[in-house]
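Structure record follows, encoded as structure tokens.
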Amino acid sequence: MPIRCTSVLRLSKPDSDAEPADNPYNRNPEGRKQHKDCAPDERINTLLVEYHRRGHVRGKQISKLLLAEHRIKMRRVTVDRRWSALELKSSGITTSSLPVTVKQQHVLDQMAQDPTHRQGPKLLVEAIAWEHGIHLTLDYVTSEMHLHDPVGFELRPHHEWSRDGHDKLTKIGFPVWDLRDVWSGQWLGIWVVPNNCLKLAIAYLYLSLVETLGGMPIQTMTDCGMETITVFGMANVLWEYFLPELSTNESEAGYNFVFNGVTMLKFFGKLAMVYIILQSQSNISELVQWLWPKLIQKELDELWDRFNNHCSRKDRNKVLPSGVSPNEAFALHKEYRAENLLQPVNKGVVRELMVSIGGDDLIRFVSVEYAVHAQEVYDSLGIQWLTMFNVWTIFQAMLPLM
């Protein structure tokens with residue numbers, strides 16, 4: 001049974017019939033006129049302060065949480081009364097009653113702990129409440145952040161790249177990895193690779209894009225996988241070599257590790273079962289490893305083109321471009337008063353780095369010799385299009401010639 005806390009008064013016995021405090025059968029020796037199983041005030045107060053620190057400020061919600069988490073039944077009006085007694089205040093009252101210097105200092109202290117400008121107003125509101133138990137309104141924190149760091153709200157082309165791995169095809173041996181520009185939403189590259197958790201392979205793809213574009217972003221957002229460590233190291237090498245004038249803190253801390261779970265589209269419905277059967281036969285395994293990555297990369301290239309030319313719905317509340325395709329936003333970034341922040345690098349140096357960590361072999365599915373031979377056989381068949389509908393036919397035609 002849940003513990004019930006109530007403030008209803010109960011009539012006591014007349015003094016003549018009252019039980020003495022030292023009576024061992026007295027179930028209420030302190031004379032408290034409340035439910036006998038009510039939680040102690042100290043515990044209730046501690047829980048209410050903790051809920052306040054966690055951002056729960058509505059009495060009805062706190063009442064539900066007390067019952068669900070601690071088996072304490074307390075009505076909303078009782079919660080509100082206890083709340084007032086503890087002088088716990090909502091964000092609106094706190095913001096209007098605190099001195100300007102005090103609440104402004106709280107915002108500035110939290111901003112100083114975020115040199116890469118990764119935390120938005122909502123996260124700062126939560127951080128202040130978590131550390132100090134003080135709730136400020138989102139509007140106030142936002143206005144202060146705009147006042148003291150207006151540049152921090154301005155994402156621009158190549159200011160930040162976002163990367164992620166997609167594991168839907170990993171079970172059949174063909175994982176995917178991508179890089180995307182955050183400001184425009186433009187997909188910079190999508191690749192099928194032998195292993196999207198291999199540090200050197202991921203670093204090679206990152207460097208290959210830097211070489212293709214002739215520059216690198218200010219910062220990159222990535223998840224916390226171990227494969228990102230080499231990317232972090234390579235990025236720092238390039239920063240130190242080409243952009244020493246930028247502070248070390250900005251360049252290093254710019255590569256934050258944040259969780260970003262995005263999954264890819266499902267490909268090839270029955271391929272997993274068939275692939276396992278084919279892989280058990282070594283004489284055809286290499287052809288599978290050559291033909292299917294070729295098909296998947298072709299599909300990814302088409303998907304990359306479609307995504308970058310897809311016109312999104314207009315969102316008037318969105319700060320970044322909307323109502324246009326990523327390619328259009330990128331090409332016309334000056335109309336948004338945005339500056340292209342791609343930091344130039346020497347392509348030759350980047351190419352040397354790519355070769356030094358393993359080169360193209362890091363992302364090959366088969367040997368160079370086999371790939372050349374397979375391409376010759378493929379070309380000899382006069383194939384015009386490789387699709388999901390004819391891949392099995394092409395596979396059967398190539399197999400006897402390999």
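Numbering starts fresh at 1 for the residues of each chain in the structure tokens, the chains themselves are lettered A, B, ... in the order given, and ligands are numbered from 1 as they appear.
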
As a CSV table (one decimal) with all heavy atoms, in the first residue's frame, please: the residues near A:Trp130 (cut-off 10 Å, only C-alpha atoms, same-chain neighbours under 3 positions excluded).
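Wrote it out as out.csv, contents follow:
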```csv
chain,number,residue,atom,x,y,z
A,50,GLU,N,15.2,18.0,-4.3
A,50,GLU,CA,15.8,17.3,-5.4
A,50,GLU,C,15.0,17.4,-6.6
A,50,GLU,O,15.5,17.6,-7.7
A,50,GLU,CB,16.0,15.8,-5.0
A,50,GLU,CG,16.5,14.9,-6.1
A,50,GLU,CD,17.9,15.3,-6.6
A,50,GLU,OE1,18.6,16.1,-5.8
A,50,GLU,OE2,18.3,14.9,-7.7
A,52,HIS,N,13.0,19.8,-7.4
A,52,HIS,CA,13.2,21.2,-7.8
A,52,HIS,C,14.5,21.4,-8.6
A,52,HIS,O,14.6,22.0,-9.6
A,52,HIS,CB,13.2,22.1,-6.6
A,52,HIS,CG,13.4,23.6,-6.9
A,52,HIS,ND1,14.6,24.2,-6.9
A,52,HIS,CD2,12.5,24.5,-7.3
A,52,HIS,CE1,14.5,25.5,-7.2
A,52,HIS,NE2,13.2,25.7,-7.5
A,53,ARG,N,15.6,20.8,-8.1
A,53,ARG,CA,16.9,20.8,-8.8
A,53,ARG,C,16.8,20.2,-10.1
A,53,ARG,O,17.5,20.6,-11.1
A,53,ARG,CB,17.9,20.2,-7.9
A,53,ARG,CG,19.4,20.3,-8.4
A,53,ARG,CD,20.4,19.7,-7.4
A,53,ARG,NE,20.2,18.3,-7.3
A,53,ARG,CZ,20.9,17.4,-8.1
A,53,ARG,NH1,21.7,17.9,-9.0
A,53,ARG,NH2,20.7,16.2,-8.0
A,54,ARG,N,16.1,19.1,-10.2
A,54,ARG,CA,15.9,18.4,-11.5
A,54,ARG,C,15.0,19.1,-12.5
A,54,ARG,O,14.8,18.6,-13.6
A,54,ARG,CB,15.5,17.0,-11.2
A,54,ARG,CG,16.6,16.1,-10.6
A,54,ARG,CD,16.0,14.9,-9.9
A,54,ARG,NE,15.1,14.1,-10.8
A,54,ARG,CZ,14.5,13.0,-10.3
A,54,ARG,NH1,14.8,12.5,-9.1
A,54,ARG,NH2,13.7,12.3,-11.1
A,55,GLY,N,14.4,20.1,-12.1
A,55,GLY,CA,13.5,20.9,-13.0
A,55,GLY,C,12.1,20.6,-12.9
A,55,GLY,O,11.3,21.1,-13.8
A,124,LEU,N,21.9,25.4,-20.8
A,124,LEU,CA,22.4,26.3,-19.7
A,124,LEU,C,21.4,26.4,-18.6
A,124,LEU,O,21.8,26.5,-17.4
A,124,LEU,CB,22.7,27.6,-20.3
A,124,LEU,CG,24.2,27.9,-20.4
A,124,LEU,CD1,24.9,27.1,-21.5
A,124,LEU,CD2,24.5,29.4,-20.7
A,125,VAL,N,20.1,26.5,-19.0
A,125,VAL,CA,19.1,26.6,-17.9
A,125,VAL,C,19.1,25.3,-17.0
A,125,VAL,O,19.1,25.4,-15.8
A,125,VAL,CB,17.7,26.7,-18.6
A,125,VAL,CG1,16.6,26.4,-17.6
A,125,VAL,CG2,17.5,28.0,-19.2
A,126,GLU,N,19.3,24.2,-17.6
A,126,GLU,CA,19.4,22.9,-16.9
A,126,GLU,C,20.6,22.9,-16.0
A,126,GLU,O,20.6,22.4,-14.9
A,126,GLU,CB,19.3,21.7,-17.8
A,126,GLU,CG,17.9,21.6,-18.5
A,126,GLU,CD,18.0,20.5,-19.6
A,126,GLU,OE1,19.0,19.9,-19.8
A,126,GLU,OE2,16.9,20.2,-20.2
A,127,ALA,N,21.7,23.3,-16.6
A,127,ALA,CA,23.0,23.3,-15.9
A,127,ALA,C,23.0,24.2,-14.6
A,127,ALA,O,23.5,23.8,-13.5
A,127,ALA,CB,24.2,23.7,-16.8
A,133,GLY,N,20.5,24.9,-8.0
A,133,GLY,CA,19.1,24.9,-7.6
A,133,GLY,C,18.4,26.1,-7.9
A,133,GLY,O,17.4,26.4,-7.3
A,134,ILE,N,18.8,26.9,-8.9
A,134,ILE,CA,18.2,28.2,-9.3
A,134,ILE,C,17.6,28.0,-10.7
A,134,ILE,O,18.4,27.6,-11.6
A,134,ILE,CB,19.2,29.3,-9.2
A,134,ILE,CG1,19.7,29.5,-7.8
A,134,ILE,CG2,18.6,30.6,-9.8
A,134,ILE,CD1,20.8,30.6,-7.7
A,135,HIS,N,16.4,28.3,-10.8
A,135,HIS,CA,15.7,28.2,-12.1
A,135,HIS,C,15.5,29.6,-12.7
A,135,HIS,O,14.9,30.5,-12.1
A,135,HIS,CB,14.3,27.5,-12.0
A,135,HIS,CG,14.4,26.1,-11.7
A,135,HIS,ND1,14.5,25.1,-12.6
A,135,HIS,CD2,14.4,25.4,-10.5
A,135,HIS,CE1,14.6,23.9,-12.1
A,135,HIS,NE2,14.6,24.1,-10.7
```

Task: Of the listed residues A:Val107, A:Leu169, A:Val79, A:Leu205, that which approaches A:Met354 most closely, counting only C-alpha atoms - done: A:Leu205

Task: Given only C-alpha atoms as the counted atoms, nearest of A:Phe330, A:Trp385, A:Phe395, A:Tyr206 to A:Trp183 - done: A:Phe330

TODO: Please provide as a list in words all residues within 12 Å of A:Arg313, with the sequence filter that same-chain residues fewer than 6 positions apart are discarded (counting only C-alpha atoms).
DONE: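 So, after excluding close chain neighbours, the residues are Pro321, Ser322, Gly323, Val324, Ser325 and Pro326 of chain A.
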
Open item on the list: Between A:Leu341, A:Leu147, A:Val182, A:Val350, which residue has the minimum interatomic distance to A:Leu320, considering only C-alpha atoms?
Closed with: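 Closest to A:Leu320, using only C-alpha atoms: A:Val182.
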
Open item on the list: Just want the 10 Å neighbourhood of A:Asn327, counted on only C-alpha atoms, with same-chain residues fewer than 6 positions away dropped. Output as JSON, numbers by chain.
Closed with: {"A": [184, 185, 186, 187, 305, 307, 308, 309, 310, 311, 333]}

Open item on the list: Which residue is closest to A:Val349? Choose from A:Ser208, A:Thr94, A:Gln110, A:Thr46 and count only C-alpha atoms.
Closed with: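 The answer is A:Ser208, which sits nearest to A:Val349.
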
Task: Backbone DSSP call of helix (DSSP H, G or I) for stretch 31-97 of chain A, listed as JSON, numbers by chain - done: {"A": [41, 42, 43, 44, 45, 46, 47, 48, 49, 50, 51, 52, 53, 59, 60, 61, 62, 63, 64, 65, 66, 67, 68, 69, 70, 76, 77, 78, 79, 80, 81, 82, 83, 84, 85, 91, 92, 93, 94, 95, 96, 97]}

Open item on the list: Given only C-alpha atoms as the basis, pick out the residue of A:Leu198, A:Val57, A:Leu179, A:Met398 nearest to A:Met221.
Closed with: A:Leu179

- [ ] Taking the chain letters and numbering used in this document, name the residues of stretch 40-231 of chain A that DSSP puts in strand (DSSP E or B), as a list of chain:residue names.
- [x]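 Taking stretch 40-231 of chain A and keeping strand (DSSP E or B) only, one gets A:Ile72, A:Lys73, A:Met74, A:Glu160, A:Trp161, A:Ser162, A:Arg163, A:Asp164, A:Gly165, A:His166, A:Val176, A:Trp177, A:Asp178, A:Leu179, A:Arg180, A:Asp181, A:Trp187, A:Leu188, A:Gly189, A:Ile190, A:Trp191, A:Val192, A:Gly215, A:Met216, A:Gln219, A:Thr220, A:Met221, A:Thr222.
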
Using only C-alpha atoms, find each residue in stretch 108-214 of chain A having at least one atom no more than 9 Å away from stretch 289-293 of chain A; report its shortest atom-to-atom pair and that distance in Å (one decimal), rows by chain then rising number, as CSV.
```
residue,atom,partner,partner_atom,distance
A:Gly173,CA,A:Gln289,CA,8.6
A:Phe174,CA,A:Pro293,CA,6.9
A:Val192,CA,A:Pro293,CA,6.6
A:Val193,CA,A:Pro293,CA,8.0
A:Pro194,CA,A:Pro293,CA,9.0
```
